[in-house]
$ cat run-v4.cif   # mmCIF, N, CA and C atoms
data_upload
#
loop_
_atom_site.label_atom_id
_atom_site.label_comp_id
_atom_site.auth_asym_id
_atom_site.auth_seq_id
_atom_site.Cartn_x
_atom_site.Cartn_y
_atom_site.Cartn_z
N MET M 1 6.90 22.32 -18.35
CA MET M 1 7.35 20.97 -18.61
C MET M 1 6.56 20.43 -19.79
N ARG M 2 7.23 19.86 -20.73
CA ARG M 2 6.58 19.24 -21.87
C ARG M 2 5.91 17.94 -21.42
N GLU M 3 4.82 17.59 -22.06
CA GLU M 3 4.06 16.39 -21.67
C GLU M 3 4.93 15.14 -21.71
N ARG M 4 5.79 15.03 -22.70
CA ARG M 4 6.61 13.82 -22.79
C ARG M 4 7.63 13.73 -21.66
N ASP M 5 7.90 14.88 -20.99
CA ASP M 5 8.84 14.88 -19.88
C ASP M 5 8.17 14.59 -18.54
N ALA M 6 6.85 14.56 -18.52
CA ALA M 6 6.11 14.36 -17.27
C ALA M 6 6.30 12.93 -16.75
N LEU M 7 6.43 12.82 -15.46
CA LEU M 7 6.51 11.52 -14.82
C LEU M 7 5.19 11.21 -14.13
N HIS M 8 4.74 10.00 -14.27
CA HIS M 8 3.50 9.57 -13.63
C HIS M 8 3.81 8.36 -12.76
N VAL M 9 3.43 8.44 -11.50
CA VAL M 9 3.64 7.33 -10.58
C VAL M 9 2.38 6.48 -10.61
N ARG M 10 2.57 5.19 -10.76
CA ARG M 10 1.45 4.25 -10.85
C ARG M 10 1.56 3.24 -9.72
N GLY M 11 0.45 2.98 -9.08
CA GLY M 11 0.39 1.94 -8.06
C GLY M 11 -0.61 0.87 -8.47
N HIS M 12 -0.22 -0.36 -8.33
CA HIS M 12 -1.07 -1.48 -8.72
C HIS M 12 -0.96 -2.56 -7.65
N ILE M 13 -2.09 -3.12 -7.25
CA ILE M 13 -2.13 -4.10 -6.17
C ILE M 13 -2.55 -5.45 -6.72
N LEU M 14 -1.77 -6.48 -6.39
CA LEU M 14 -2.09 -7.86 -6.76
C LEU M 14 -2.42 -8.63 -5.49
N ILE M 15 -3.51 -9.38 -5.51
CA ILE M 15 -3.90 -10.21 -4.37
C ILE M 15 -3.85 -11.66 -4.80
N ARG M 16 -3.07 -12.45 -4.07
CA ARG M 16 -2.98 -13.89 -4.33
C ARG M 16 -3.50 -14.64 -3.11
N GLU M 17 -4.36 -15.61 -3.36
CA GLU M 17 -4.87 -16.47 -2.29
C GLU M 17 -4.32 -17.87 -2.51
N ASN M 18 -3.65 -18.38 -1.49
CA ASN M 18 -3.05 -19.71 -1.57
C ASN M 18 -2.22 -19.88 -2.85
N GLY M 19 -1.49 -18.81 -3.20
CA GLY M 19 -0.58 -18.84 -4.33
C GLY M 19 -1.18 -18.51 -5.69
N LYS M 20 -2.49 -18.29 -5.79
CA LYS M 20 -3.15 -18.03 -7.06
C LYS M 20 -3.62 -16.57 -7.12
N LEU M 21 -3.30 -15.88 -8.23
CA LEU M 21 -3.75 -14.50 -8.42
C LEU M 21 -5.26 -14.47 -8.54
N VAL M 22 -5.92 -13.69 -7.65
CA VAL M 22 -7.39 -13.64 -7.65
C VAL M 22 -7.93 -12.24 -7.92
N SER M 23 -7.16 -11.18 -7.65
CA SER M 23 -7.67 -9.82 -7.82
C SER M 23 -6.54 -8.85 -8.12
N GLU M 24 -6.90 -7.76 -8.82
CA GLU M 24 -5.98 -6.67 -9.09
C GLU M 24 -6.73 -5.35 -8.90
N TYR M 25 -6.04 -4.37 -8.33
CA TYR M 25 -6.62 -3.06 -8.06
C TYR M 25 -5.59 -1.97 -8.35
N ASP M 26 -6.08 -0.79 -8.74
CA ASP M 26 -5.23 0.39 -8.81
C ASP M 26 -5.47 1.20 -7.55
N ASN M 27 -4.60 2.16 -7.28
CA ASN M 27 -4.70 2.92 -6.03
C ASN M 27 -4.54 4.40 -6.26
N LEU M 28 -4.78 5.16 -5.20
CA LEU M 28 -4.61 6.61 -5.22
C LEU M 28 -3.38 6.95 -4.38
N PHE M 29 -2.47 7.73 -4.97
CA PHE M 29 -1.35 8.25 -4.20
C PHE M 29 -1.85 9.47 -3.44
N LEU M 30 -1.67 9.48 -2.15
CA LEU M 30 -2.22 10.52 -1.28
C LEU M 30 -1.29 11.72 -1.21
N ASP M 31 -1.86 12.87 -0.87
CA ASP M 31 -1.07 14.10 -0.79
C ASP M 31 0.11 13.97 0.17
N ALA M 32 -0.13 13.37 1.34
CA ALA M 32 0.95 13.21 2.33
C ALA M 32 2.05 12.29 1.79
N GLY M 33 1.68 11.29 1.03
CA GLY M 33 2.66 10.40 0.42
C GLY M 33 3.49 11.10 -0.63
N LYS M 34 2.85 11.92 -1.45
CA LYS M 34 3.57 12.68 -2.46
C LYS M 34 4.57 13.64 -1.80
N GLU M 35 4.11 14.31 -0.74
CA GLU M 35 4.98 15.24 -0.01
C GLU M 35 6.21 14.50 0.55
N LYS M 36 5.98 13.32 1.11
CA LYS M 36 7.07 12.52 1.65
C LYS M 36 8.07 12.16 0.54
N LEU M 37 7.55 11.73 -0.60
CA LEU M 37 8.40 11.36 -1.72
C LEU M 37 9.22 12.56 -2.21
N PHE M 38 8.58 13.72 -2.34
CA PHE M 38 9.29 14.92 -2.80
C PHE M 38 10.39 15.31 -1.81
N ASN M 39 10.12 15.21 -0.52
CA ASN M 39 11.13 15.53 0.49
C ASN M 39 12.33 14.60 0.40
N ILE M 40 12.07 13.33 0.13
CA ILE M 40 13.17 12.37 -0.03
C ILE M 40 13.99 12.72 -1.27
N LEU M 41 13.32 12.99 -2.38
CA LEU M 41 14.02 13.31 -3.62
C LEU M 41 14.81 14.61 -3.51
N ALA M 42 14.30 15.54 -2.72
CA ALA M 42 14.99 16.83 -2.54
C ALA M 42 16.08 16.78 -1.49
N GLY M 43 16.25 15.65 -0.82
CA GLY M 43 17.26 15.54 0.22
C GLY M 43 16.86 16.21 1.51
N LEU M 44 15.57 16.51 1.67
CA LEU M 44 15.08 17.18 2.88
C LEU M 44 14.63 16.18 3.94
N ASP M 45 14.67 14.92 3.63
CA ASP M 45 14.27 13.85 4.56
C ASP M 45 15.51 13.02 4.83
N ASN M 46 15.64 12.52 6.05
CA ASN M 46 16.85 11.76 6.38
C ASN M 46 16.94 10.43 5.64
N GLY M 47 15.84 10.00 5.04
CA GLY M 47 15.88 8.80 4.23
C GLY M 47 15.97 7.51 5.01
N ASN M 48 15.86 7.56 6.34
CA ASN M 48 15.94 6.33 7.14
C ASN M 48 14.65 5.54 7.14
N GLU M 49 13.55 6.18 6.75
CA GLU M 49 12.27 5.48 6.73
C GLU M 49 12.02 4.91 5.34
N THR M 50 11.29 3.81 5.31
CA THR M 50 10.88 3.20 4.05
C THR M 50 9.43 2.78 4.20
N TYR M 51 8.88 2.24 3.11
CA TYR M 51 7.57 1.62 3.25
C TYR M 51 7.67 0.59 4.36
N SER M 52 6.74 0.61 5.29
CA SER M 52 6.89 -0.25 6.47
C SER M 52 5.71 -1.16 6.75
N TYR M 53 4.48 -0.67 6.56
CA TYR M 53 3.30 -1.43 6.97
C TYR M 53 2.21 -1.42 5.93
N PHE M 54 1.54 -2.56 5.81
CA PHE M 54 0.27 -2.64 5.10
C PHE M 54 -0.82 -2.43 6.14
N VAL M 55 -1.85 -1.68 5.79
CA VAL M 55 -3.01 -1.49 6.67
C VAL M 55 -4.25 -1.90 5.89
N ILE M 56 -5.15 -2.59 6.58
CA ILE M 56 -6.35 -3.11 5.93
C ILE M 56 -7.54 -2.77 6.81
N GLY M 57 -8.64 -2.42 6.18
CA GLY M 57 -9.83 -2.09 6.94
C GLY M 57 -11.10 -2.49 6.22
N ASP M 58 -12.22 -2.10 6.83
CA ASP M 58 -13.51 -2.42 6.23
C ASP M 58 -14.32 -1.17 5.89
N GLY M 59 -13.65 -0.03 5.83
CA GLY M 59 -14.32 1.21 5.45
C GLY M 59 -14.59 1.24 3.96
N THR M 60 -15.63 1.97 3.58
CA THR M 60 -16.01 2.02 2.16
C THR M 60 -15.99 3.43 1.59
N THR M 61 -15.46 4.38 2.34
CA THR M 61 -15.37 5.75 1.87
C THR M 61 -14.38 5.84 0.70
N GLU M 62 -14.81 6.47 -0.36
CA GLU M 62 -13.95 6.63 -1.54
C GLU M 62 -12.67 7.37 -1.15
N PRO M 63 -11.49 6.87 -1.58
CA PRO M 63 -10.23 7.57 -1.27
C PRO M 63 -10.19 8.97 -1.87
N THR M 64 -9.59 9.90 -1.13
CA THR M 64 -9.33 11.24 -1.63
C THR M 64 -7.86 11.56 -1.36
N GLY M 65 -7.32 12.51 -2.08
CA GLY M 65 -5.92 12.86 -1.92
C GLY M 65 -5.56 13.32 -0.52
N SER M 66 -6.52 13.89 0.20
CA SER M 66 -6.24 14.42 1.53
C SER M 66 -6.35 13.37 2.65
N ASP M 67 -6.65 12.12 2.32
CA ASP M 67 -6.73 11.07 3.35
C ASP M 67 -5.41 10.94 4.09
N THR M 68 -5.50 10.74 5.41
CA THR M 68 -4.30 10.50 6.22
C THR M 68 -4.37 9.15 6.94
N LYS M 69 -5.51 8.47 6.83
CA LYS M 69 -5.69 7.15 7.43
C LYS M 69 -6.82 6.45 6.70
N LEU M 70 -6.94 5.16 6.94
CA LEU M 70 -8.05 4.42 6.38
C LEU M 70 -9.34 4.87 7.05
N ALA M 71 -10.46 4.62 6.42
CA ALA M 71 -11.75 4.99 7.00
C ALA M 71 -12.01 4.19 8.28
N ASN M 72 -11.66 2.90 8.27
CA ASN M 72 -11.84 2.06 9.46
C ASN M 72 -10.80 0.93 9.47
N GLN M 73 -9.60 1.28 9.88
CA GLN M 73 -8.51 0.29 9.92
C GLN M 73 -8.79 -0.78 10.97
N LYS M 74 -8.58 -2.05 10.56
CA LYS M 74 -8.77 -3.17 11.48
C LYS M 74 -7.53 -4.04 11.63
N PHE M 75 -6.56 -3.88 10.72
CA PHE M 75 -5.39 -4.76 10.72
C PHE M 75 -4.20 -3.99 10.17
N ARG M 76 -3.04 -4.28 10.75
CA ARG M 76 -1.79 -3.63 10.36
C ARG M 76 -0.69 -4.66 10.45
N LYS M 77 0.11 -4.79 9.39
CA LYS M 77 1.18 -5.79 9.40
C LYS M 77 2.40 -5.24 8.69
N GLN M 78 3.56 -5.56 9.26
CA GLN M 78 4.82 -5.12 8.69
C GLN M 78 5.05 -5.81 7.34
N ILE M 79 5.69 -5.08 6.47
CA ILE M 79 6.02 -5.58 5.15
C ILE M 79 6.93 -6.81 5.28
N THR M 80 6.66 -7.80 4.43
CA THR M 80 7.43 -9.04 4.44
C THR M 80 8.69 -8.93 3.59
N ASP M 81 8.57 -8.26 2.43
CA ASP M 81 9.70 -8.19 1.50
C ASP M 81 9.49 -7.00 0.57
N ARG M 82 10.56 -6.56 -0.07
CA ARG M 82 10.50 -5.53 -1.10
C ARG M 82 11.68 -5.74 -2.03
N TYR M 83 11.44 -5.46 -3.30
CA TYR M 83 12.51 -5.59 -4.29
C TYR M 83 12.14 -4.77 -5.52
N VAL M 84 13.14 -4.51 -6.37
CA VAL M 84 12.94 -3.77 -7.62
C VAL M 84 13.41 -4.66 -8.76
N ILE M 85 12.53 -4.84 -9.75
CA ILE M 85 12.86 -5.58 -10.96
C ILE M 85 12.34 -4.78 -12.15
N ASN M 86 13.22 -4.50 -13.10
CA ASN M 86 12.85 -3.78 -14.33
C ASN M 86 12.10 -2.48 -14.04
N GLY M 87 12.56 -1.72 -13.06
CA GLY M 87 11.98 -0.43 -12.76
C GLY M 87 10.65 -0.45 -12.02
N VAL M 88 10.26 -1.60 -11.50
CA VAL M 88 9.03 -1.70 -10.72
C VAL M 88 9.38 -2.11 -9.30
N LEU M 89 8.96 -1.27 -8.34
CA LEU M 89 9.14 -1.58 -6.93
C LEU M 89 7.98 -2.47 -6.50
N SER M 90 8.28 -3.65 -6.00
CA SER M 90 7.26 -4.56 -5.47
C SER M 90 7.43 -4.63 -3.96
N ILE M 91 6.32 -4.40 -3.26
CA ILE M 91 6.30 -4.44 -1.80
C ILE M 91 5.32 -5.55 -1.43
N ILE M 92 5.80 -6.50 -0.62
CA ILE M 92 5.05 -7.74 -0.35
C ILE M 92 4.66 -7.83 1.11
N CYS M 93 3.47 -8.37 1.34
CA CYS M 93 3.02 -8.69 2.69
C CYS M 93 2.26 -10.01 2.64
N PHE M 94 2.64 -10.95 3.50
CA PHE M 94 1.93 -12.22 3.64
C PHE M 94 0.99 -12.12 4.83
N VAL M 95 -0.26 -12.47 4.61
CA VAL M 95 -1.26 -12.48 5.68
C VAL M 95 -1.66 -13.94 5.88
N GLU M 96 -1.30 -14.46 7.05
CA GLU M 96 -1.53 -15.88 7.35
C GLU M 96 -3.03 -16.18 7.49
N ASN M 97 -3.36 -17.46 7.44
CA ASN M 97 -4.77 -17.86 7.51
C ASN M 97 -5.40 -17.51 8.86
N THR M 98 -4.60 -17.27 9.87
CA THR M 98 -5.14 -16.92 11.20
C THR M 98 -5.26 -15.41 11.40
N GLU M 99 -4.88 -14.62 10.39
CA GLU M 99 -4.84 -13.16 10.54
C GLU M 99 -5.90 -12.49 9.66
N ALA M 100 -6.42 -11.36 10.16
CA ALA M 100 -7.26 -10.44 9.38
C ALA M 100 -8.44 -11.12 8.71
N ASN M 101 -9.12 -11.97 9.45
CA ASN M 101 -10.26 -12.69 8.89
C ASN M 101 -11.53 -11.86 9.00
N PHE M 102 -11.76 -11.03 7.97
CA PHE M 102 -12.94 -10.18 7.86
C PHE M 102 -13.06 -9.76 6.40
N GLN M 103 -14.12 -9.10 6.05
CA GLN M 103 -14.33 -8.62 4.69
C GLN M 103 -13.46 -7.38 4.47
N TRP M 104 -12.40 -7.51 3.65
CA TRP M 104 -11.51 -6.41 3.36
C TRP M 104 -12.18 -5.47 2.37
N LYS M 105 -12.22 -4.18 2.71
CA LYS M 105 -12.84 -3.19 1.83
C LYS M 105 -11.88 -2.06 1.46
N GLU M 106 -10.79 -1.93 2.20
CA GLU M 106 -9.82 -0.86 1.92
C GLU M 106 -8.43 -1.33 2.33
N ILE M 107 -7.45 -0.77 1.65
CA ILE M 107 -6.07 -1.14 1.93
C ILE M 107 -5.19 0.09 1.76
N GLY M 108 -4.13 0.15 2.54
CA GLY M 108 -3.19 1.26 2.43
C GLY M 108 -1.77 0.79 2.67
N LEU M 109 -0.85 1.66 2.32
CA LEU M 109 0.57 1.38 2.50
C LEU M 109 1.16 2.54 3.27
N GLU M 110 1.78 2.25 4.42
CA GLU M 110 2.37 3.28 5.26
C GLU M 110 3.87 3.37 5.06
N PHE M 111 4.36 4.58 5.15
CA PHE M 111 5.78 4.88 5.05
C PHE M 111 6.25 5.27 6.44
N GLY M 112 7.20 4.54 6.98
CA GLY M 112 7.69 4.84 8.33
C GLY M 112 6.77 4.26 9.38
N GLY M 113 6.87 4.81 10.59
CA GLY M 113 6.06 4.32 11.69
C GLY M 113 6.70 3.11 12.37
N ASN M 114 6.00 2.61 13.37
CA ASN M 114 6.45 1.40 14.06
C ASN M 114 5.22 0.64 14.55
N ALA M 115 5.42 -0.36 15.37
CA ALA M 115 4.31 -1.21 15.79
C ALA M 115 3.23 -0.44 16.55
N GLN M 116 3.61 0.60 17.29
CA GLN M 116 2.64 1.36 18.08
C GLN M 116 2.09 2.60 17.37
N TYR M 117 2.90 3.21 16.51
CA TYR M 117 2.52 4.48 15.91
C TYR M 117 2.51 4.39 14.39
N PRO M 118 1.44 4.88 13.78
CA PRO M 118 1.37 4.80 12.33
C PRO M 118 2.38 5.73 11.66
N GLY M 119 2.73 5.36 10.46
CA GLY M 119 3.57 6.22 9.65
C GLY M 119 2.70 7.10 8.77
N VAL M 120 3.27 7.57 7.68
CA VAL M 120 2.54 8.39 6.71
C VAL M 120 1.81 7.46 5.76
N LEU M 121 0.49 7.61 5.66
CA LEU M 121 -0.28 6.81 4.70
C LEU M 121 0.03 7.33 3.30
N PHE M 122 0.67 6.51 2.52
CA PHE M 122 1.21 6.90 1.22
C PHE M 122 0.20 6.64 0.10
N ASN M 123 -0.45 5.50 0.14
CA ASN M 123 -1.38 5.08 -0.89
C ASN M 123 -2.63 4.50 -0.22
N ARG M 124 -3.76 4.53 -0.94
CA ARG M 124 -4.99 3.94 -0.43
C ARG M 124 -5.84 3.48 -1.60
N ALA M 125 -6.53 2.36 -1.41
CA ALA M 125 -7.41 1.83 -2.45
C ALA M 125 -8.61 1.15 -1.80
N LEU M 126 -9.72 1.18 -2.50
CA LEU M 126 -10.87 0.37 -2.11
C LEU M 126 -10.71 -0.99 -2.78
N ILE M 127 -10.98 -2.03 -2.02
CA ILE M 127 -10.88 -3.39 -2.52
C ILE M 127 -12.12 -4.15 -2.06
N ASP M 128 -12.26 -5.40 -2.49
CA ASP M 128 -13.35 -6.24 -2.02
C ASP M 128 -12.84 -7.68 -1.96
N GLU M 129 -12.37 -8.06 -0.79
CA GLU M 129 -11.79 -9.39 -0.59
C GLU M 129 -12.40 -10.04 0.64
N ASP M 130 -12.86 -11.25 0.50
CA ASP M 130 -13.41 -12.01 1.61
C ASP M 130 -12.31 -12.88 2.20
N LYS M 131 -11.68 -12.41 3.26
CA LYS M 131 -10.56 -13.13 3.89
C LYS M 131 -11.11 -13.98 5.02
N ASN M 132 -10.76 -15.27 5.00
CA ASN M 132 -11.17 -16.17 6.08
C ASN M 132 -10.02 -17.10 6.44
N ASP M 133 -10.23 -17.97 7.41
CA ASP M 133 -9.15 -18.82 7.92
C ASP M 133 -8.75 -19.95 6.98
N MET M 134 -9.37 -20.02 5.83
CA MET M 134 -8.98 -21.00 4.82
C MET M 134 -8.02 -20.40 3.80
N LYS M 135 -7.72 -19.11 3.95
CA LYS M 135 -6.92 -18.42 2.95
C LYS M 135 -5.66 -17.82 3.55
N GLN M 136 -4.55 -18.12 2.90
CA GLN M 136 -3.30 -17.41 3.15
C GLN M 136 -3.16 -16.44 1.98
N VAL M 137 -2.97 -15.16 2.27
CA VAL M 137 -2.99 -14.14 1.22
C VAL M 137 -1.63 -13.47 1.10
N GLU M 138 -1.22 -13.28 -0.14
CA GLU M 138 -0.04 -12.48 -0.44
C GLU M 138 -0.52 -11.21 -1.14
N ILE M 139 -0.15 -10.07 -0.59
CA ILE M 139 -0.46 -8.79 -1.21
C ILE M 139 0.84 -8.27 -1.82
N GLU M 140 0.78 -7.94 -3.10
CA GLU M 140 1.94 -7.34 -3.76
C GLU M 140 1.51 -5.97 -4.27
N TRP M 141 2.15 -4.94 -3.74
CA TRP M 141 1.88 -3.57 -4.16
C TRP M 141 3.01 -3.16 -5.09
N GLN M 142 2.69 -2.96 -6.36
CA GLN M 142 3.69 -2.57 -7.36
C GLN M 142 3.63 -1.07 -7.57
N ILE M 143 4.78 -0.43 -7.56
CA ILE M 143 4.87 1.01 -7.79
C ILE M 143 5.88 1.24 -8.92
N SER M 144 5.42 2.00 -9.92
CA SER M 144 6.30 2.29 -11.05
C SER M 144 6.15 3.74 -11.47
N ILE M 145 7.14 4.23 -12.14
CA ILE M 145 7.10 5.59 -12.72
C ILE M 145 7.07 5.41 -14.21
N VAL M 146 6.04 5.98 -14.83
CA VAL M 146 5.86 5.81 -16.28
C VAL M 146 5.89 7.14 -16.98
#

$ encode --input "run-v4.cif" --output "structure tokens"
Amino acid sequence: MRERDALHVRGHILIRENGKLVSEYDNLFLDAGKEKLFNILAGLDNGNETYSYFVIGDGTTEPTGSDTKLANQKFRKQITDRYVINGVLSIICFVENTEANFQWKEIGLEFGGNAQYPGVLFNRALIDEDKNDMKQVEIEWQISIV
């Protein structure tokens, strides 16, 4: 494959507190997430699952491609919205002021799963956010192919 033909998937996380952009982070696409994506593209997956949950924890272990879960997950919430504009997939989650009030150190995005059982951890990033009951947070995970 020629370099100009290569596709690169990029993940970028935006954190807004009370409507104001306060932080931005890049993420690591995990091996299990890549495998899931390839299976969907190859038609080997039924395609009924989508990005489903944001997971947040306080672990500080550096992400590696072989991660299958957060280092110390403390909170899990279903995605609020998703849309595509100009070739960028935006996945949104609103965290109310009464939810997840702890020092956020890691975040992930799960594909599939349900309220009781985790899905495939697709992406993971280390972050540093002080979430408390005075803050309503919007997390926007942008995924693009460049």

$ select_by_dssp --input "run-v4.cif" --residues "chain M" --states "alpha helix (DSSP H)" --output "list in words"
Asp31, Ala32, Gly33, Lys34, Glu35, Lys36, Leu37, Phe38, Asn39, Ile40 and Leu41 of chain M

$ write_last_selection --input "run-v4.cif" --atoms "N, CA and C atoms" --output "mmCIF file, in the coordinates of the input"
data_model
loop_
_atom_site.group_PDB
_atom_site.id
_atom_site.type_symbol
_atom_site.label_atom_id
_atom_site.label_comp_id
_atom_site.auth_asym_id
_atom_site.auth_seq_id
_atom_site.Cartn_x
_atom_site.Cartn_y
_atom_site.Cartn_z
ATOM 1 N N ASP M 31 -1.860 12.870 -0.870
ATOM 2 C CA ASP M 31 -1.070 14.100 -0.790
ATOM 3 C C ASP M 31 0.110 13.970 0.170
ATOM 4 N N ALA M 32 -0.130 13.370 1.340
ATOM 5 C CA ALA M 32 0.950 13.210 2.330
ATOM 6 C C ALA M 32 2.050 12.290 1.790
ATOM 7 N N GLY M 33 1.680 11.290 1.030
ATOM 8 C CA GLY M 33 2.660 10.400 0.420
ATOM 9 C C GLY M 33 3.490 11.100 -0.630
ATOM 10 N N LYS M 34 2.850 11.920 -1.450
ATOM 11 C CA LYS M 34 3.570 12.680 -2.460
ATOM 12 C C LYS M 34 4.570 13.640 -1.800
ATOM 13 N N GLU M 35 4.110 14.310 -0.740
ATOM 14 C CA GLU M 35 4.980 15.240 -0.010
ATOM 15 C C GLU M 35 6.210 14.500 0.550
ATOM 16 N N LYS M 36 5.980 13.320 1.110
ATOM 17 C CA LYS M 36 7.070 12.520 1.650
ATOM 18 C C LYS M 36 8.070 12.160 0.540
ATOM 19 N N LEU M 37 7.550 11.730 -0.600
ATOM 20 C CA LEU M 37 8.400 11.360 -1.720
ATOM 21 C C LEU M 37 9.220 12.560 -2.210
ATOM 22 N N PHE M 38 8.580 13.720 -2.340
ATOM 23 C CA PHE M 38 9.290 14.920 -2.800
ATOM 24 C C PHE M 38 10.390 15.310 -1.810
ATOM 25 N N ASN M 39 10.120 15.210 -0.520
ATOM 26 C CA ASN M 39 11.130 15.530 0.490
ATOM 27 C C ASN M 39 12.330 14.600 0.400
ATOM 28 N N ILE M 40 12.070 13.330 0.130
ATOM 29 C CA ILE M 40 13.170 12.370 -0.030
ATOM 30 C C ILE M 40 13.990 12.720 -1.270
ATOM 31 N N LEU M 41 13.320 12.990 -2.380
ATOM 32 C CA LEU M 41 14.020 13.310 -3.620
ATOM 33 C C LEU M 41 14.810 14.610 -3.510
#

$ closest_residue --input "run-v4.cif" --among "M:Leu28, M:Leu37, M:Ile145, M:Val9" --to "Arg124 (chain M)" --atoms "all atoms listed in the file"
M:Leu28

$ resolve_selection --input "run-v4.cif" --expression "the PyMOL selection byres (((chain M and resi 113 and name CA) around 12) and name CA)" --output "PyMOL selection string"
chain M and resi 48-55+76-79+109-112+114-122

$ select_by_dssp --input "run-v4.cif" --residues "region 79-115 of chain M" --states "strand (DSSP E)" --output "ChimeraX atom specification"
/M:81-85,88-95,103-111

$ residues_around --input "run-v4.cif" --residues "Ile107 (chain M)" --least-positions-apart "6" --cutoff "6.5 Å" --atoms "all atoms listed in the file" --output "list in words"
Val55, Ile56, Gly57, Asn123, Arg124, Ala125, Leu126 and Ile127 of chain M

$ resolve_selection --input "run-v4.cif" --expression "the PyMOL selection byres (((chain M and resi 63 and name CA) around 9) and name CA)" --output "short mmCIF file (atom, residue, chain, number, x, y, z; two decimals) with N, CA and C atoms, keeping the file's coordinate frame"
data_model
loop_
_atom_site.label_atom_id
_atom_site.label_comp_id
_atom_site.auth_asym_id
_atom_site.auth_seq_id
_atom_site.Cartn_x
_atom_site.Cartn_y
_atom_site.Cartn_z
N ASN M 27 -4.60 2.16 -7.28
CA ASN M 27 -4.70 2.92 -6.03
C ASN M 27 -4.54 4.40 -6.26
N LEU M 28 -4.78 5.16 -5.20
CA LEU M 28 -4.61 6.61 -5.22
C LEU M 28 -3.38 6.95 -4.38
N LEU M 30 -1.67 9.48 -2.15
CA LEU M 30 -2.22 10.52 -1.28
C LEU M 30 -1.29 11.72 -1.21
N THR M 60 -15.63 1.97 3.58
CA THR M 60 -16.01 2.02 2.16
C THR M 60 -15.99 3.43 1.59
N THR M 61 -15.46 4.38 2.34
CA THR M 61 -15.37 5.75 1.87
C THR M 61 -14.38 5.84 0.70
N GLU M 62 -14.81 6.47 -0.36
CA GLU M 62 -13.95 6.63 -1.54
C GLU M 62 -12.67 7.37 -1.15
N THR M 64 -9.59 9.90 -1.13
CA THR M 64 -9.33 11.24 -1.63
C THR M 64 -7.86 11.56 -1.36
N GLY M 65 -7.32 12.51 -2.08
CA GLY M 65 -5.92 12.86 -1.92
C GLY M 65 -5.56 13.32 -0.52
N SER M 66 -6.52 13.89 0.20
CA SER M 66 -6.24 14.42 1.53
C SER M 66 -6.35 13.37 2.65
N ASP M 67 -6.65 12.12 2.32
CA ASP M 67 -6.73 11.07 3.35
C ASP M 67 -5.41 10.94 4.09
N LEU M 70 -6.94 5.16 6.94
CA LEU M 70 -8.05 4.42 6.38
C LEU M 70 -9.34 4.87 7.05
N ALA M 71 -10.46 4.62 6.42
CA ALA M 71 -11.75 4.99 7.00
C ALA M 71 -12.01 4.19 8.28
N ARG M 124 -3.76 4.53 -0.94
CA ARG M 124 -4.99 3.94 -0.43
C ARG M 124 -5.84 3.48 -1.60
N ALA M 125 -6.53 2.36 -1.41
CA ALA M 125 -7.41 1.83 -2.45
C ALA M 125 -8.61 1.15 -1.80
N LEU M 126 -9.72 1.18 -2.50
CA LEU M 126 -10.87 0.37 -2.11
C LEU M 126 -10.71 -0.99 -2.78
#

$ closest_residue --input "run-v4.cif" --among "M:Leu44, M:Glu129, M:Phe94, M:Val146" --to "His8 (chain M)" --atoms "only N, CA and C atoms"
M:Val146

$ atom_distance --input "run-v4.cif" --atom1 "atom N of Ile139 (chain M)" --atom2 "CA of Ile13 (chain M)"
8.4 Å

$ closest_residue --input "run-v4.cif" --among "M:Ile40, M:Ala32, M:Val137, M:Val88" --to "His12 (chain M)" --atoms "only C-alpha atoms"
M:Val88

$ decode --input "run-v4.cif" --residues "region 114-124 of chain M" --atoms "N, CA and C atoms" --output "PDB file, in the first residue's frame"
ATOM      1  N   ASN M 114     -24.411  -3.976  27.386  1.00  0.00           N
ATOM      2  CA  ASN M 114     -25.670  -3.478  27.927  1.00  0.00           C
ATOM      3  C   ASN M 114     -25.423  -3.000  29.351  1.00  0.00           C
ATOM      4  N   ALA M 115     -26.474  -2.702  30.079  1.00  0.00           N
ATOM      5  CA  ALA M 115     -26.325  -2.133  31.415  1.00  0.00           C
ATOM      6  C   ALA M 115     -25.571  -3.055  32.372  1.00  0.00           C
ATOM      7  N   GLN M 116     -25.705  -4.370  32.210  1.00  0.00           N
ATOM      8  CA  GLN M 116     -25.057  -5.314  33.118  1.00  0.00           C
ATOM      9  C   GLN M 116     -23.696  -5.807  32.619  1.00  0.00           C
ATOM     10  N   TYR M 117     -23.523  -5.894  31.308  1.00  0.00           N
ATOM     11  CA  TYR M 117     -22.329  -6.516  30.754  1.00  0.00           C
ATOM     12  C   TYR M 117     -21.589  -5.547  29.841  1.00  0.00           C
ATOM     13  N   PRO M 118     -20.285  -5.439  30.030  1.00  0.00           N
ATOM     14  CA  PRO M 118     -19.527  -4.509  29.193  1.00  0.00           C
ATOM     15  C   PRO M 118     -19.443  -4.985  27.754  1.00  0.00           C
ATOM     16  N   GLY M 119     -19.258  -4.035  26.876  1.00  0.00           N
ATOM     17  CA  GLY M 119     -19.017  -4.352  25.484  1.00  0.00           C
ATOM     18  C   GLY M 119     -17.520  -4.418  25.238  1.00  0.00           C
ATOM     19  N   VAL M 120     -17.129  -4.234  23.995  1.00  0.00           N
ATOM     20  CA  VAL M 120     -15.721  -4.223  23.611  1.00  0.00           C
ATOM     21  C   VAL M 120     -15.176  -2.822  23.846  1.00  0.00           C
ATOM     22  N   LEU M 121     -14.119  -2.715  24.647  1.00  0.00           N
ATOM     23  CA  LEU M 121     -13.488  -1.409  24.860  1.00  0.00           C
ATOM     24  C   LEU M 121     -12.731  -1.046  23.590  1.00  0.00           C
ATOM     25  N   PHE M 122     -13.188  -0.011  22.936  1.00  0.00           N
ATOM     26  CA  PHE M 122     -12.711   0.373  21.614  1.00  0.00           C
ATOM     27  C   PHE M 122     -11.554   1.366  21.704  1.00  0.00           C
ATOM     28  N   ASN M 123     -11.682   2.344  22.575  1.00  0.00           N
ATOM     29  CA  ASN M 123     -10.702   3.404  22.728  1.00  0.00           C
ATOM     30  C   ASN M 123     -10.452   3.634  24.216  1.00  0.00           C
ATOM     31  N   ARG M 124      -9.270   4.179  24.538  1.00  0.00           N
ATOM     32  CA  ARG M 124      -8.950   4.509  25.929  1.00  0.00           C
ATOM     33  C   ARG M 124      -7.985   5.685  25.941  1.00  0.00           C
TER      34      ARG M 124
END
